[in-house]
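Trainee: A single structure is presented below for examination.
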Amino acid sequence: MSGAVGRKIVVVDDQQDLRLLIRLSLRTLGEVAQAASAETALALLQQQAPDLLILDVWLGEGMGGLELCRQIKADPRTRGVRVMLLSACGQQSDIAAGLAAGADDYMVKPFSPEALYEAAAGLLDK
Amino acid sequence: MNAHATPPVISPCPLPTDEEQRLQVLLDLNLLDTAPEERFDRITRLAARLFGVPSAMVSLIDAERQWFKSRVGMELPETPRTASFCAHAIRQDDVMVVRDACQDERFAHTPLVQGENPVRFYAGSPIAVGDGYRIGTLCIIDSVPRDFGPEERDLLRDLAGIVANEVAAIDLKLAAERQRRSEHAVRALLDHLPDGVLLLDDSGAIVSCNQAAERMFGNSCTALARQSAAAVIGVEPAPMVRHEGVVRRADGGLFAAEITIAAMTLDERQHLVVTVHDVAIARAERERLRAANERRHNYFRTASHELRTPMASILGFSELLLKRDFDAATGRELMDIIHRQATRLISLVNQMLDLARIDSGGSSQLHPITLDLRAVLVKMHGALEDPALAARVELHPGPALPKVFADPLRIEQALHNIVSNALAYSTPESKVEIDLRLDARDGQPGVLATVRDQGIGMTPEQRAQIYDAFWRGGALPDVAGNGLGMTIVREIVELHDGVIEIDSTPGGGTQVGLWLPAQGATPA
């Protein structure tokens with residue numbers, strides 16, 4: 001946990017309550033910024049690429065999480081960002097689509113904050 | 001004493017070789033155990049008088065008995081087949097004569113010969129019907145031995161022939177009835193086929209067709225028969241496996257059809273049977289099923305997503321509260337979220353159940369009464385819990401309007417959902433106006449309730465999605481609701497044969513019209 005200093009995490013979810021939950025779950029891992037849409041997240045990423053992105057799949061009306069993930073992994077400047085998809089869509093086909101979009105991990109809502117912490121810590125240490 | 005010691009021997013009469021079919025023919029005639037009929041009785045009376053015998057019968061040989069369709073001088077309606085003279089007579093082609101039964105090994109010991117009024121003389125001529133099945137005899141008996149010469153045999157044979165003709169007449173009538181029923185069944189079968197069937201004669205003219213063909217071509221069979229078959233089916237009538245073509249209805253409309261033509265011989269003349277399969281109907285049905293399946297799949301996928309989202313907050317925050325220490329204010333904030341999300345979850349479950357009930361129950365779920373829409377509006381307005389929201393709603397009930405026949409709770413629910421959207425997607429200081437007026441749709445009188453807001457409005461794309469389950473207008477992030485409101489509105493309105501109309505421009509507000517037919521109005 002001492003290595004947490006300086007790590008940057010961005011949480012993208014259209015639900016305010018869930019952004020708070022994720023932030024509280026991961027706050028000892030590093031600095032947690034948040035975005036309510038894929039477009040806001042892209043703007044944040046262009047300022048400074050984080051170490052980890054916790055990304056919802058269904059983001060209301062704008063760009064979806066899968067598309068954002070594909071763009072991040074296609075862009076050499078952001079390719080190194082670890083992406084964990086965190087979605088209430090939990091079918092095998094949903095998970096397969098998420099990994100095909102380049103995500104490093106896929107977690108299904110509802111989730112245990114402790115399990116999310118462990119998975120995020122694992123990704124950051126890769 | 002010795003004579004009594006030996007039991008009388010009655011050798012059973014062997015069965016005719018065609019016994020099984022013979023019995024079936026007899027049963028099919030439906031003659032057994034029927035009332036006496038004059039057409040047979042006059043023949044037995046005539047026989048008794050002509051031959052000067054006390055008894056004459058029309059005897060039918062059933063499996064275990066002989067039964068008399070007509071009898072003169074015979075008390076018993078039937079006797080066992082084992083003791084029957086006639087059972088022997090039907091095994092012969094011609095008249096069987098027993099001059100003296102006491103002298104005949106076959107009958108000497110039978111009850112008829114040994115009984116109180118013994119039979120001594122018997123003559124019987126088989127009655128042959130159908131393909132020569134001998135179902136019984138015309139027979140005469142006497143209590144004294146007699147001679148029976150060739151002329152008498154001829155006479156008895158002729159009388160039996162008359163009996164056979166009478167039986168044949170019954171058979172003919174039955175056959176005609178069977179034919180009529182079978183034709184009726186074939187006609188019913190043809191008329192229940194989904195495909196059109198046309199019968200063409202050897203000149204290619206339409207002779208008859210089934211109901212499906214009349215429906216497809218929009219014309220009666222008689223009217224179709226006046227046209228050339230080629231003009232009706234759009235292809236030269238000749239045997240073919242399958243022709244895909246476009247067929248014209250009487251009203252000029254076209255439809256895609258698969259046409260099969262088969263040759264058939266009827267009354268020694270060549271006919272053609274044309275089968276017309278409306279491809280569009282089958283295609284539309286397949287498409288409808290596919291779309292319904294896809295809708296159901298999407299609904300469950302989205303429903304699962306929508307249920308899991310509040311669950312994520314409830315489970316996640318409660319786990320945090322259980323495992324970590326928070327200051328009192330933060331703890332309180334997290335519990336607020338849990339409570340809010342649990343409330344959202346239960347409201348979502350309730351709405352989903354509501355939608356499922358309306359969806360599966362159809363109009364049987366409705367409890368319609370004669371209804372004044374103004375009263376429903378006033379009640380809905382009064383039921384808005386938040387006084388600040390209620391104050392933003394202005395009712396313009398208009399003049400007296402026709403009543404509608406509708407379920408008051410469902411219509412209130414529909415209006416409430418529309419008004420809730422209007423309030424949620426507009427600014428807190430703006431008004432939502434509702435007016436009622438008389439308006440017709442497709443010539444049918446009805447009442448139109450219009451809900452108008454000055455809110456954010458919708459793009460055409462958003463407008464197209466408004467009835468999708470769980471879809472929410474997204475531009476205002478803090479709008480609560482679960483995206484089922486308008487789905488429920490549409491279900492309710494459609495169950496009432498009503499119309500829902502939406503007019504909206506981004507930034508220019510939204511206007512939703514809910515139209516219901518006036519009570520007693522019939523569709524135009």
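A note on labels: chains of the structure tokens are A, B, ... as shown, every chain counts residues from 1, and ligands are counted from 1 in their shown order.
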Neighbouring residues of segment 299-306 of chain B were defined as those with any atom within 8 Å, considering only C-alpha atoms; residues of the same chain fewer than 3 positions away were excluded. Please report them as a list of chain:residue names.

Mentor: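 Everything that qualifies: A:Ala88, A:Cys89, B:Arg295, B:Arg296, B:Thr309, B:Pro310, B:Ala469, B:Phe470, B:Asn482.
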
Trainee: Counting only C-alpha atoms, a student should be able to say which residues of chain A come within 12 Å of chain B; what is the right answer, written as a ChimeraX atom specification?

Mentor: /A:13-26,36-37,56-62,86-91,93-94,107-117

Trainee: Output the selection as a CSV table (one decimal), in the first residue's frame - C-alpha atoms for each residue.

Mentor:
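Below is the file that was written, selection_35.csv:
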chain,number,residue,atom,x,y,z
A,13,ASP,CA,-19.8,5.7,-14.3
A,14,ASP,CA,-23.1,7.6,-15.1
A,15,GLN,CA,-24.4,6.8,-11.6
A,16,GLN,CA,-23.2,9.2,-9.0
A,17,ASP,CA,-23.7,6.8,-6.1
A,18,LEU,CA,-21.6,4.2,-7.8
A,19,ARG,CA,-18.8,6.6,-8.5
A,20,LEU,CA,-18.7,7.4,-4.8
A,21,LEU,CA,-18.8,3.7,-3.9
A,22,ILE,CA,-15.8,2.9,-6.3
A,23,ARG,CA,-13.9,6.0,-5.0
A,24,LEU,CA,-14.4,4.9,-1.4
A,25,SER,CA,-13.4,1.3,-2.2
A,26,LEU,CA,-10.1,2.3,-4.0
A,36,ALA,CA,-19.9,10.7,-15.5
A,37,SER,CA,-19.5,10.1,-19.3
A,56,ASP,CA,-18.9,1.3,-16.8
A,57,VAL,CA,-20.2,-0.2,-20.1
A,58,TRP,CA,-23.7,1.4,-20.4
A,59,LEU,CA,-23.1,5.1,-20.0
A,60,GLY,CA,-26.5,6.6,-20.9
A,61,GLU,CA,-26.8,8.5,-24.2
A,62,GLY,CA,-23.2,9.2,-25.3
A,86,LEU,CA,-17.3,-2.8,-14.3
A,87,SER,CA,-20.8,-3.5,-15.5
A,88,ALA,CA,-24.2,-4.8,-14.5
A,89,CYS,CA,-24.2,-6.8,-17.7
A,90,GLY,CA,-22.9,-10.2,-16.6
A,91,GLN,CA,-23.6,-12.7,-19.3
A,93,SER,CA,-21.2,-12.8,-24.1
A,94,ASP,CA,-21.0,-9.4,-22.3
A,107,MET,CA,-16.1,-7.3,-13.0
A,108,VAL,CA,-19.9,-7.6,-12.7
A,109,LYS,CA,-22.1,-5.4,-10.6
A,110,PRO,CA,-23.1,-5.8,-7.8
A,111,PHE,CA,-19.5,-6.3,-6.6
A,112,SER,CA,-17.7,-6.5,-3.3
A,113,PRO,CA,-15.7,-3.3,-2.6
A,114,GLU,CA,-13.0,-5.6,-1.1
A,115,ALA,CA,-12.9,-7.8,-4.2
A,116,LEU,CA,-12.8,-4.7,-6.4
A,117,TYR,CA,-9.8,-3.4,-4.4

Trainee: Pick out each residue of segment 31-115 of chain A that DSSP on the backbone tags as strand (DSSP E or B); I need them as number ranges by chain.

Mentor: A: 31-35, 52-55, 82-87, 105-108

Trainee: Need to verify the contact set: Ile9 of chain A, 7 Å, only C-alpha atoms, exclusion of same-chain residues closer than 6 positions in sequence. Can you return it as a list in words?

Mentor: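 Everything that qualifies: Gly30, Glu31, Val32, Ala33, Pro50, Asp51, Leu52 and Leu53 of chain A.
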
Trainee: Find the residues near Phe255 of chain B: any atom within 7 Å, counting only C-alpha atoms, skip ones fewer than 6 places away on the same chain, and give them as an NGL selection string.

Mentor: :B and (246-248 or 280)

Trainee: Identify which of the residues B:Ser70, B:Ala101, B:Ala185, B:Ser203 lies closest to Leu138 of chain B, counting only C-alpha atoms when measuring atom-to-atom distances.

Mentor: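 When distances to Leu138 of chain B are compared using only C-alpha atoms, the smallest one comes from B:Ser70.
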
Trainee: Write out as a ChimeraX atom specification each polymer residue whose atoms come within 9 Å of segment 156-169 of chain B, counting only C-alpha atoms; drop sequence neighbours fewer than 2 positions from it.

Mentor: /B:29,31,39-40,43-44,46-47,51,58,94-95,123-130,137-140,151-154,171-174

Trainee: Calculated over only C-alpha atoms, which of the candidates A:Ala96, A:Thr40, A:Ala120, A:Gln34 has the smallest distance to Arg82 of chain A?

Mentor: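 For Arg82 of chain A, the nearest of the given residues is A:Ala120.
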
Trainee: List as a VMD selection string the protein and nucleic acid residues near Thr17 of chain B, meaning an atom at most 12 Å away when only C-alpha atoms are counted, but skip any in the same chain fewer than 5 places from it.

Mentor: chain B and resid 22 to 23 90 to 92 133 to 134

Trainee: From segment 211-332 of chain B, collect each residue whose DSSP state is alpha helix (DSSP H) and return the set as JSON, numbers by chain.

Mentor: {"B": [211, 212, 213, 214, 215, 216, 217, 221, 222, 223, 224, 225, 229, 230, 231, 232, 233, 279, 280, 281, 282, 283, 284, 285, 286, 287, 288, 289, 290, 291, 292, 293, 294, 295, 296, 297, 298, 299, 300, 301, 302, 303, 304, 305, 306, 307, 308, 309, 310, 311, 312, 313, 314, 315, 316, 317, 318, 319, 320, 321, 322, 323, 328, 329, 330, 331, 332]}

Trainee: Find, counting only C-alpha atoms, the residue in A:Ala38, A:Val10, A:Ala100, A:Leu85 that gets nearest to Met63 of chain A.

Mentor: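 Of the candidates, the smallest distance to Met63 of chain A is held by A:Ala38.
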
Trainee: If you count only C-alpha atoms, which residues fall within 6 Å of segment 111-122 of chain B, apart from same-chain ones fewer than 3 positions away, as an NGL selection string?

Mentor: :B and (97-101 or 140-146)

Trainee: Rounded to one decimal place, report the atom CA of Asn219 of chain B-atom CA of Val276 of chain B distance in Å.

Mentor: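 According to the coordinates, atom CA of Asn219 of chain B and atom CA of Val276 of chain B are separated by 14.5 Å.
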